[in-house]
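Trainee: Handing over my_file-v1.cif, mmCIF, C-alpha atoms and all ligand atoms.
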```cif
data_protein
#
loop_
_atom_site.group_PDB
_atom_site.id
_atom_site.type_symbol
_atom_site.label_atom_id
_atom_site.label_comp_id
_atom_site.auth_asym_id
_atom_site.auth_seq_id
_atom_site.Cartn_x
_atom_site.Cartn_y
_atom_site.Cartn_z
ATOM 1 C CA MET A 1 -14.214 -14.942 -2.502
ATOM 2 C CA ALA A 2 -11.062 -15.807 -4.310
ATOM 3 C CA VAL A 3 -7.360 -15.284 -4.494
ATOM 4 C CA ARG A 4 -6.884 -13.138 -7.583
ATOM 5 C CA ASP A 5 -3.841 -12.722 -9.803
ATOM 6 C CA ILE A 6 -1.742 -9.696 -8.856
ATOM 7 C CA LEU A 7 -0.746 -7.541 -11.823
ATOM 8 C CA LYS A 8 2.972 -6.925 -12.210
ATOM 9 C CA MET A 9 4.808 -3.725 -13.082
ATOM 10 C CA GLY A 10 4.652 -3.188 -16.829
ATOM 11 C CA ASP A 11 0.925 -3.825 -16.971
ATOM 12 C CA PRO A 12 -0.672 -0.541 -18.091
ATOM 13 C CA ARG A 13 -3.617 -1.106 -15.734
ATOM 14 C CA LEU A 14 -1.268 -0.268 -12.844
ATOM 15 C CA LEU A 15 -0.723 3.215 -14.293
ATOM 16 C CA ARG A 16 -4.351 4.377 -14.362
ATOM 17 C CA LYS A 17 -5.896 6.952 -12.060
ATOM 18 C CA ALA A 18 -8.582 4.967 -10.276
ATOM 19 C CA LYS A 19 -12.206 6.079 -10.211
ATOM 20 C CA ALA A 20 -14.023 7.035 -7.033
ATOM 21 C CA VAL A 21 -16.531 4.583 -5.605
ATOM 22 C CA THR A 22 -20.011 6.083 -5.831
ATOM 23 C CA GLN A 23 -22.136 3.335 -4.251
ATOM 24 C CA PHE A 24 -21.386 1.716 -0.912
ATOM 25 C CA ASP A 25 -22.597 -1.484 0.718
ATOM 26 C CA THR A 26 -23.180 -3.189 -2.629
ATOM 27 C CA ASP A 27 -22.595 -6.859 -3.438
ATOM 28 C CA GLU A 28 -19.899 -5.826 -5.949
ATOM 29 C CA LEU A 29 -17.976 -3.778 -3.397
ATOM 30 C CA HIS A 30 -18.198 -6.483 -0.731
ATOM 31 C CA LEU A 31 -16.975 -9.082 -3.235
ATOM 32 C CA LEU A 32 -14.080 -6.857 -4.276
ATOM 33 C CA ILE A 33 -12.999 -6.381 -0.662
ATOM 34 C CA SER A 34 -13.319 -10.072 0.068
ATOM 35 C CA ASP A 35 -11.088 -10.838 -2.934
ATOM 36 C CA LEU A 36 -8.568 -8.178 -1.913
ATOM 37 C CA LEU A 37 -8.368 -9.622 1.615
ATOM 38 C CA ASP A 38 -7.985 -13.198 0.366
ATOM 39 C CA THR A 39 -5.311 -12.139 -2.115
ATOM 40 C CA MET A 40 -3.368 -10.041 0.406
ATOM 41 C CA LEU A 41 -3.459 -12.850 2.963
ATOM 42 C CA ALA A 42 -2.284 -15.451 0.446
ATOM 43 C CA ALA A 43 0.649 -13.226 -0.540
ATOM 44 C CA ASN A 44 1.583 -12.220 3.048
ATOM 45 C CA GLY A 45 1.145 -8.602 1.975
ATOM 46 C CA ALA A 46 0.803 -5.616 4.282
ATOM 47 C CA GLY A 47 -1.580 -3.950 1.853
ATOM 48 C CA LEU A 48 -3.224 -4.269 -1.523
ATOM 49 C CA ALA A 49 -4.946 -1.814 -3.825
ATOM 50 C CA ALA A 50 -7.810 -2.619 -6.192
ATOM 51 C CA PRO A 51 -5.784 -1.650 -9.313
ATOM 52 C CA GLN A 52 -3.329 -4.429 -8.422
ATOM 53 C CA ILE A 53 -6.039 -6.976 -9.244
ATOM 54 C CA GLY A 54 -7.144 -5.008 -12.290
ATOM 55 C CA VAL A 55 -10.069 -3.156 -10.698
ATOM 56 C CA ASP A 56 -10.090 0.542 -11.541
ATOM 57 C CA LEU A 57 -11.571 1.843 -8.273
ATOM 58 C CA GLN A 58 -10.276 3.838 -5.308
ATOM 59 C CA VAL A 59 -10.205 0.960 -2.840
ATOM 60 C CA VAL A 60 -7.245 -0.141 -0.726
ATOM 61 C CA ILE A 61 -6.878 -2.552 2.140
ATOM 62 C CA PHE A 62 -3.991 -2.851 4.555
ATOM 63 C CA GLY A 63 -3.101 -4.365 7.873
ATOM 64 C CA THR A 64 -0.561 -6.644 9.416
ATOM 65 C CA GLY A 65 -2.631 -8.432 12.018
ATOM 66 C CA ALA A 66 -0.577 -9.531 14.973
ATOM 67 C CA ARG A 67 2.520 -10.183 12.908
ATOM 68 C CA ASN A 68 3.441 -10.142 9.261
ATOM 69 C CA PRO A 69 6.304 -12.458 8.287
ATOM 70 C CA ARG A 70 7.383 -9.953 5.619
ATOM 71 C CA TYR A 71 7.648 -7.135 8.188
ATOM 72 C CA PRO A 72 8.528 -8.823 11.478
ATOM 73 C CA GLN A 73 9.768 -5.656 13.222
ATOM 74 C CA ALA A 74 6.769 -3.439 12.449
ATOM 75 C CA LEU A 75 4.058 -2.551 14.957
ATOM 76 C CA PRO A 76 0.729 -4.160 14.094
ATOM 77 C CA ILE A 77 -1.618 -2.228 11.814
ATOM 78 C CA PRO A 78 -5.333 -3.029 12.180
ATOM 79 C CA THR A 79 -6.874 -4.564 9.099
ATOM 80 C CA THR A 80 -8.496 -1.619 7.367
ATOM 81 C CA VAL A 81 -10.678 -1.071 4.307
ATOM 82 C CA LEU A 82 -10.227 2.427 2.901
ATOM 83 C CA VAL A 83 -12.387 3.700 0.042
ATOM 84 C CA ASN A 84 -11.930 7.056 -1.729
ATOM 85 C CA PRO A 85 -8.998 8.006 0.501
ATOM 86 C CA VAL A 86 -7.636 11.505 0.986
ATOM 87 C CA LEU A 87 -4.179 11.872 2.515
ATOM 88 C CA THR A 88 -2.773 14.938 4.248
ATOM 89 C CA ALA A 89 0.882 15.147 5.215
ATOM 90 C CA LEU A 90 1.297 16.225 8.846
ATOM 91 C CA ALA A 91 5.006 15.640 9.035
ATOM 92 C CA PRO A 92 7.026 18.220 10.970
ATOM 93 C CA ALA A 93 8.481 21.031 8.891
ATOM 94 C CA THR A 94 12.134 20.910 7.988
ATOM 95 C CA SER A 95 14.494 23.916 8.132
ATOM 96 C CA ASP A 96 14.012 24.577 4.409
ATOM 97 C CA GLY A 97 10.236 24.727 4.774
ATOM 98 C CA GLY A 98 9.546 21.239 3.437
ATOM 99 C CA LEU A 99 7.979 18.373 5.330
ATOM 100 C CA LEU A 100 10.001 15.759 7.121
ATOM 101 C CA GLU A 101 10.394 12.556 5.179
ATOM 102 C CA VAL A 102 11.736 9.296 6.447
ATOM 103 C CA GLU A 103 13.489 6.616 4.460
ATOM 104 C CA ASP A 104 12.901 2.925 4.805
ATOM 105 C CA TRP A 105 12.834 -0.253 2.759
ATOM 106 C CA GLU A 106 9.735 -0.953 0.720
ATOM 107 C CA GLY A 107 8.553 -3.754 -1.488
ATOM 108 C CA CYS A 108 5.428 -4.292 -3.541
ATOM 109 C CA LEU A 109 3.495 -7.378 -4.561
ATOM 110 C CA SER A 110 3.381 -5.930 -8.105
ATOM 111 C CA VAL A 111 7.187 -5.663 -8.132
ATOM 112 C CA PRO A 112 8.101 -9.097 -6.771
ATOM 113 C CA GLY A 113 11.563 -9.901 -5.509
ATOM 114 C CA LEU A 114 12.790 -6.318 -5.186
ATOM 115 C CA ARG A 115 13.188 -3.766 -2.399
ATOM 116 C CA ALA A 116 14.274 -0.150 -2.329
ATOM 117 C CA ILE A 117 14.710 2.721 0.084
ATOM 118 C CA VAL A 118 11.726 5.030 -0.439
ATOM 119 C CA PRO A 119 11.185 8.452 1.152
ATOM 120 C CA ARG A 120 7.727 8.986 2.696
ATOM 121 C CA PHE A 121 6.138 11.579 4.948
ATOM 122 C CA SER A 122 6.696 10.582 8.553
ATOM 123 C CA CYS A 123 3.190 11.487 9.724
ATOM 124 C CA ILE A 124 -0.097 11.698 7.818
ATOM 125 C CA ARG A 125 -3.829 11.994 8.358
ATOM 126 C CA TYR A 126 -6.038 9.867 6.171
ATOM 127 C CA THR A 127 -9.750 10.092 5.649
ATOM 128 C CA GLY A 128 -12.124 8.025 3.568
ATOM 129 C CA PHE A 129 -14.890 5.496 3.999
ATOM 130 C CA ASP A 130 -15.273 1.842 4.779
ATOM 131 C CA GLN A 131 -17.227 -0.488 2.512
ATOM 132 C CA TYR A 132 -20.502 0.493 4.218
ATOM 133 C CA GLY A 133 -19.936 4.200 3.575
ATOM 134 C CA ASP A 134 -19.047 5.004 7.171
ATOM 135 C CA PRO A 135 -16.377 7.704 7.369
ATOM 136 C CA LEU A 136 -12.944 6.898 8.679
ATOM 137 C CA GLU A 137 -10.246 9.275 9.894
ATOM 138 C CA ARG A 138 -6.881 8.437 11.416
ATOM 139 C CA THR A 139 -3.624 10.210 12.153
ATOM 140 C CA VAL A 140 -0.717 7.805 11.923
ATOM 141 C CA GLU A 141 3.049 7.714 11.692
ATOM 142 C CA GLY A 142 5.890 5.320 11.021
ATOM 143 C CA PHE A 143 5.237 2.074 9.179
ATOM 144 C CA HIS A 144 1.471 2.603 9.235
ATOM 145 C CA ALA A 145 1.906 5.982 7.475
ATOM 146 C CA ARG A 146 4.280 4.390 4.981
ATOM 147 C CA VAL A 147 1.914 1.558 4.069
ATOM 148 C CA VAL A 148 -1.009 3.936 3.513
ATOM 149 C CA GLN A 149 1.073 6.234 1.302
ATOM 150 C CA HIS A 150 2.292 3.223 -0.693
ATOM 151 C CA GLU A 151 -1.217 1.794 -1.189
ATOM 152 C CA CYS A 152 -2.798 5.139 -2.074
ATOM 153 C CA ASP A 153 -0.048 5.707 -4.641
ATOM 154 C CA HIS A 154 -1.475 2.697 -6.496
ATOM 155 C CA LEU A 155 -4.694 4.706 -6.971
ATOM 156 C CA ILE A 156 -2.841 7.403 -8.916
ATOM 157 C CA GLY A 157 -0.779 5.022 -11.017
ATOM 158 C CA MET A 158 2.383 5.364 -8.931
ATOM 159 C CA LEU A 159 4.553 2.373 -8.118
ATOM 160 C CA TYR A 160 7.251 2.752 -5.472
ATOM 161 C CA PRO A 161 10.190 2.572 -7.949
ATOM 162 C CA MET A 162 8.906 5.909 -9.288
ATOM 163 C CA ARG A 163 9.583 7.379 -5.808
ATOM 164 C CA VAL A 164 13.119 6.043 -5.490
ATOM 165 C CA ARG A 165 15.779 8.747 -5.421
ATOM 166 C CA ASP A 166 18.882 6.694 -4.673
ATOM 167 C CA PHE A 167 19.130 3.753 -7.043
ATOM 168 C CA THR A 168 22.192 2.432 -5.220
ATOM 169 C CA ARG A 169 19.685 1.255 -2.617
ATOM 170 C CA PHE A 170 17.380 -0.660 -4.950
ATOM 171 C CA GLY A 171 17.909 -4.355 -5.423
ATOM 172 C CA PHE A 172 16.803 -7.929 -5.141
ATOM 173 C CA THR A 173 15.463 -8.903 -1.726
ATOM 174 C CA GLU A 174 17.458 -12.158 -1.650
ATOM 175 C CA VAL A 175 20.689 -10.235 -2.266
ATOM 176 C CA LEU A 176 19.952 -7.300 0.043
ATOM 177 C CA PHE A 177 18.685 -9.470 2.889
ATOM 178 C CA PRO A 178 20.143 -12.949 2.424
ATOM 179 C CA GLY A 179 18.370 -15.562 4.490
ATOM 180 C CA ILE A 180 15.967 -13.197 6.228
ATOM 181 C CA ASP A 181 13.320 -13.155 3.543
ATOM 182 C CA ALA A 182 13.859 -16.620 2.138
ATOM 183 C CA VAL A 183 10.269 -17.725 2.704
ATOM 184 C CA SER A 184 8.544 -14.824 1.014
ATOM 185 C CA ASP A 185 8.431 -13.981 -2.643
ATOM 186 C CA ASP A 186 8.557 -10.335 -1.766
HETATM 187 NI NI NI B 201 2.333 -2.023 -3.829
#
```
For the structure just supplied, provide its representation as structure tokens.
Mentor:
Amino acid sequence: MAVRDILKMGDPRLLRKAKAVTQFDTDELHLLISDLLDTMLAANGAGLAAPQIGVDLQVVIFGTGARNPRYPQALPIPTTVLVNPVLTALAPATSDGGLLEVEDWEGCLSVPGLRAIVPRFSCIRYTGFDQYGDPLERTVEGFHARVVQHECDHLIGMLYPMRVRDFTRFGFTEVLFPGIDAVSDD
């Protein structure tokens, strides 16, 4: 149980494709999840992926509890451990046959001090397992769907700046949102 250092963008370990977990309910997996939770809590994060603390495994955690000071307007997301996740976009179809995406501000603990508008699918289903190997399946939308897509991107070496399409809406949090975010690093 420890707060671990969070790797920052530029570290090649953030660009790896993470390996699937093959053994559940092990001391190593429980320790990893305990460290992820401690680290996310200490950083006021809404989610954290194992690669962000240098662990090359398909494990993410997310959740906002009752209220997250970094995302005060968002509906609460239950604290969730998700191992070996699979995401399916369920967003409504658009007129050109694509899937509806929504844009909103995003930050990342591995990209401190910055925010950008990032397009994400509006509705997804995710499946996977908890740390005991019990299956998990949820259909979610809105901020919950956004957080899961962001965290699972970390497992394929994607950081949110790679998803940005409009770089006029990418900047420093303290400049974009003066005063509002003064207490948080990101
Ligand atoms: Ni992130």
Trainee: List the residues selected by the PyMOL selection byres (((not hetatm)) within 6 of (chain B and resi 201)) in the file shown, writing them as a list in words.
Mentor: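 In the shown coordinates, the PyMOL selection byres (((not hetatm)) within 6 of (chain B and resi 201)) covers Cys108, Leu109, Ser110 and Glu151 of chain A.
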Trainee: Check what the PyMOL selection byres (((chain A and resi 55) around 12) and not hetatm) selects in the file above and give those residues as a PyMOL selection string.
Mentor: chain A and resi 4-7+13-21+28-29+31-33+35-36+48-54+56-60+154-155
Trainee: Apply the PyMOL selection byres (((chain A and resi 136-144) around 7) and not hetatm) to the structure shown and report the selected residues as a tab-separated table (two decimals) with C-alpha atoms, in the frame of the given file.
Mentor:
```
chain	number	residue	atom	x	y	z
A	74	ALA	CA	6.77	-3.44	12.45
A	77	ILE	CA	-1.62	-2.23	11.81
A	122	SER	CA	6.70	10.58	8.55
A	123	CYS	CA	3.19	11.49	9.72
A	124	ILE	CA	-0.10	11.70	7.82
A	125	ARG	CA	-3.83	11.99	8.36
A	126	TYR	CA	-6.04	9.87	6.17
A	127	THR	CA	-9.75	10.09	5.65
A	128	GLY	CA	-12.12	8.02	3.57
A	129	PHE	CA	-14.89	5.50	4.00
A	130	ASP	CA	-15.27	1.84	4.78
A	134	ASP	CA	-19.05	5.00	7.17
A	135	PRO	CA	-16.38	7.70	7.37
A	145	ALA	CA	1.91	5.98	7.48
A	146	ARG	CA	4.28	4.39	4.98
A	147	VAL	CA	1.91	1.56	4.07
A	148	VAL	CA	-1.01	3.94	3.51
```
Trainee: To one decimal place in Å, what is the distance between CA of Leu82 (chain A) and CA of Cys152 (chain A)?
Mentor: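 It comes out at 9.3 Å.
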Trainee: Mind checking which residues fall within 10 Å of Ala116 (chain A), counting only C-alpha atoms, ignoring those fewer than 4 positions away in the same chain, and posting them as a compact mmCIF listing (two decimals) with C-alpha atoms, keeping the file's coordinate frame?
Mentor:
```
# COMPACT_ATOMS: atom_id res chain seq x y z
CA GLU A 103 13.49 6.62 4.46
CA ASP A 104 12.90 2.92 4.80
CA TRP A 105 12.83 -0.25 2.76
CA GLU A 106 9.74 -0.95 0.72
CA GLY A 107 8.55 -3.75 -1.49
CA CYS A 108 5.43 -4.29 -3.54
CA TYR A 160 7.25 2.75 -5.47
CA PRO A 161 10.19 2.57 -7.95
CA ARG A 163 9.58 7.38 -5.81
CA VAL A 164 13.12 6.04 -5.49
CA ARG A 165 15.78 8.75 -5.42
CA ASP A 166 18.88 6.69 -4.67
CA PHE A 167 19.13 3.75 -7.04
CA THR A 168 22.19 2.43 -5.22
CA ARG A 169 19.68 1.25 -2.62
CA PHE A 170 17.38 -0.66 -4.95
CA GLY A 171 17.91 -4.36 -5.42
CA PHE A 172 16.80 -7.93 -5.14
CA THR A 173 15.46 -8.90 -1.73
CA LEU A 176 19.95 -7.30 0.04
```
Trainee: Which value, in Å to one decimal, gives the distance between CA of Asn84 (chain A) and CA of Ile156 (chain A)?
Mentor: 11.6 Å
Trainee: From the options A:Val3, A:Ile61, A:Met9, A:Leu114, which residue's atoms come nearest to Asp38 (chain A), counting only C-alpha atoms?
Mentor: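 The shortest atom-to-atom distance to Asp38 (chain A) comes from A:Val3.
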Trainee: Using Å and a single decimal, report how far CA of Val81 (chain A) sits from CA of Gly45 (chain A).
Mentor: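 Computing it gives 14.2 Å between the two atoms.
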Trainee: Counting all atoms listed in the file, which residue out of A:Gly63, A:Met40, A:Tyr132, A:Met158 sits closest to Pro12 (chain A)?
Mentor: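 Result for the nearest residue to Pro12 (chain A): A:Met158.
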Trainee: Looking at only C-alpha atoms, which of A:Glu101, A:Asp11, A:Asp27, A:Asp153 is the one that sits closest to Leu87 (chain A)?
Mentor: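 Among the listed residues, the smallest separation from Leu87 (chain A) belongs to A:Asp153.
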Trainee: Looking at only C-alpha atoms, which of A:His150, A:Ser34, A:Val111, A:Arg120 is the one that sits closest to Leu90 (chain A)?
Mentor: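 Of A:His150, A:Ser34, A:Val111, A:Arg120, the one nearest Leu90 (chain A) is A:Arg120, counting only C-alpha atoms.
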Trainee: Smallest atom-to-atom distance to Pro85 (chain A): which of A:Pro119, A:Gly133, A:Gly113, A:Gly179, using all atoms listed in the file?
Mentor: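 Answer, going by the shortest atom-to-atom distance: A:Gly133.
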Trainee: Could you tell me which of A:Leu100, A:Gln131, A:Met162, A:Thr39 comes closest to Ile117 (chain A) if we count all atoms listed in the file?
Mentor: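 The shortest atom-to-atom distance to Ile117 (chain A) comes from A:Met162.
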Trainee: Starting from the incomplete input, reconstruct N, CA, C and O atoms of region 83-98 of chain A and report them as an mmCIF file, keeping the file's coordinate frame.
Mentor:
```
data_model
loop_
_atom_site.group_PDB
_atom_site.id
_atom_site.type_symbol
_atom_site.label_atom_id
_atom_site.label_comp_id
_atom_site.auth_asym_id
_atom_site.auth_seq_id
_atom_site.Cartn_x
_atom_site.Cartn_y
_atom_site.Cartn_z
ATOM 1 N N VAL A 83 -11.792 3.393 1.347
ATOM 2 C CA VAL A 83 -12.387 3.700 0.042
ATOM 3 C C VAL A 83 -12.334 5.212 -0.164
ATOM 4 O O VAL A 83 -12.578 5.983 0.774
ATOM 5 N N ASN A 84 -12.021 5.625 -1.374
ATOM 6 C CA ASN A 84 -11.930 7.056 -1.729
ATOM 7 C C ASN A 84 -11.044 7.832 -0.751
ATOM 8 O O ASN A 84 -11.450 8.864 -0.194
ATOM 9 N N PRO A 85 -9.829 7.369 -0.519
ATOM 10 C CA PRO A 85 -8.998 8.006 0.501
ATOM 11 C C PRO A 85 -8.492 9.385 0.104
ATOM 12 O O PRO A 85 -8.293 9.681 -1.075
ATOM 13 N N VAL A 86 -8.309 10.212 1.135
ATOM 14 C CA VAL A 86 -7.636 11.505 0.986
ATOM 15 C C VAL A 86 -6.539 11.552 2.039
ATOM 16 O O VAL A 86 -6.800 11.340 3.230
ATOM 17 N N LEU A 87 -5.330 11.823 1.608
ATOM 18 C CA LEU A 87 -4.179 11.872 2.515
ATOM 19 C C LEU A 87 -3.720 13.306 2.700
ATOM 20 O O LEU A 87 -3.685 14.074 1.743
ATOM 21 N N THR A 88 -3.358 13.633 3.945
ATOM 22 C CA THR A 88 -2.773 14.938 4.248
ATOM 23 C C THR A 88 -1.479 14.703 5.003
ATOM 24 O O THR A 88 -1.479 13.997 6.020
ATOM 25 N N ALA A 89 -0.400 15.280 4.519
ATOM 26 C CA ALA A 89 0.882 15.147 5.215
ATOM 27 C C ALA A 89 0.874 16.034 6.443
ATOM 28 O O ALA A 89 0.532 17.213 6.367
ATOM 29 N N LEU A 90 1.228 15.458 7.598
ATOM 30 C CA LEU A 90 1.297 16.225 8.846
ATOM 31 C C LEU A 90 2.710 16.223 9.393
ATOM 32 O O LEU A 90 2.933 16.589 10.541
ATOM 33 N N ALA A 91 3.634 15.787 8.566
ATOM 34 C CA ALA A 91 5.006 15.640 9.035
ATOM 35 C C ALA A 91 5.545 16.976 9.502
ATOM 36 O O ALA A 91 5.165 18.025 8.979
ATOM 37 N N PRO A 92 6.430 16.962 10.508
ATOM 38 C CA PRO A 92 7.026 18.220 10.970
ATOM 39 C C PRO A 92 7.769 18.927 9.843
ATOM 40 O O PRO A 92 8.298 18.284 8.934
ATOM 41 N N ALA A 93 7.782 20.252 9.910
ATOM 42 C CA ALA A 93 8.481 21.031 8.891
ATOM 43 C C ALA A 93 9.995 20.889 9.060
ATOM 44 O O ALA A 93 10.500 20.748 10.166
ATOM 45 N N THR A 94 10.677 20.920 7.948
ATOM 46 C CA THR A 94 12.134 20.910 7.988
ATOM 47 C C THR A 94 12.633 22.352 7.892
ATOM 48 O O THR A 94 11.854 23.278 7.645
ATOM 49 N N SER A 95 13.932 22.553 8.098
ATOM 50 C CA SER A 95 14.494 23.916 8.132
ATOM 51 C C SER A 95 14.304 24.650 6.805
ATOM 52 O O SER A 95 14.220 25.881 6.780
ATOM 53 N N ASP A 96 14.198 23.914 5.705
ATOM 54 C CA ASP A 96 14.012 24.577 4.409
ATOM 55 C C ASP A 96 12.534 24.735 4.044
ATOM 56 O O ASP A 96 12.195 25.071 2.911
ATOM 57 N N GLY A 97 11.654 24.493 5.007
ATOM 58 C CA GLY A 97 10.236 24.727 4.774
ATOM 59 C C GLY A 97 9.490 23.534 4.192
ATOM 60 O O GLY A 97 8.279 23.598 4.000
ATOM 61 N N GLY A 98 10.205 22.453 3.929
ATOM 62 C CA GLY A 98 9.546 21.239 3.437
ATOM 63 C C GLY A 98 8.975 20.433 4.592
ATOM 64 O O GLY A 98 8.916 20.911 5.730
#
```
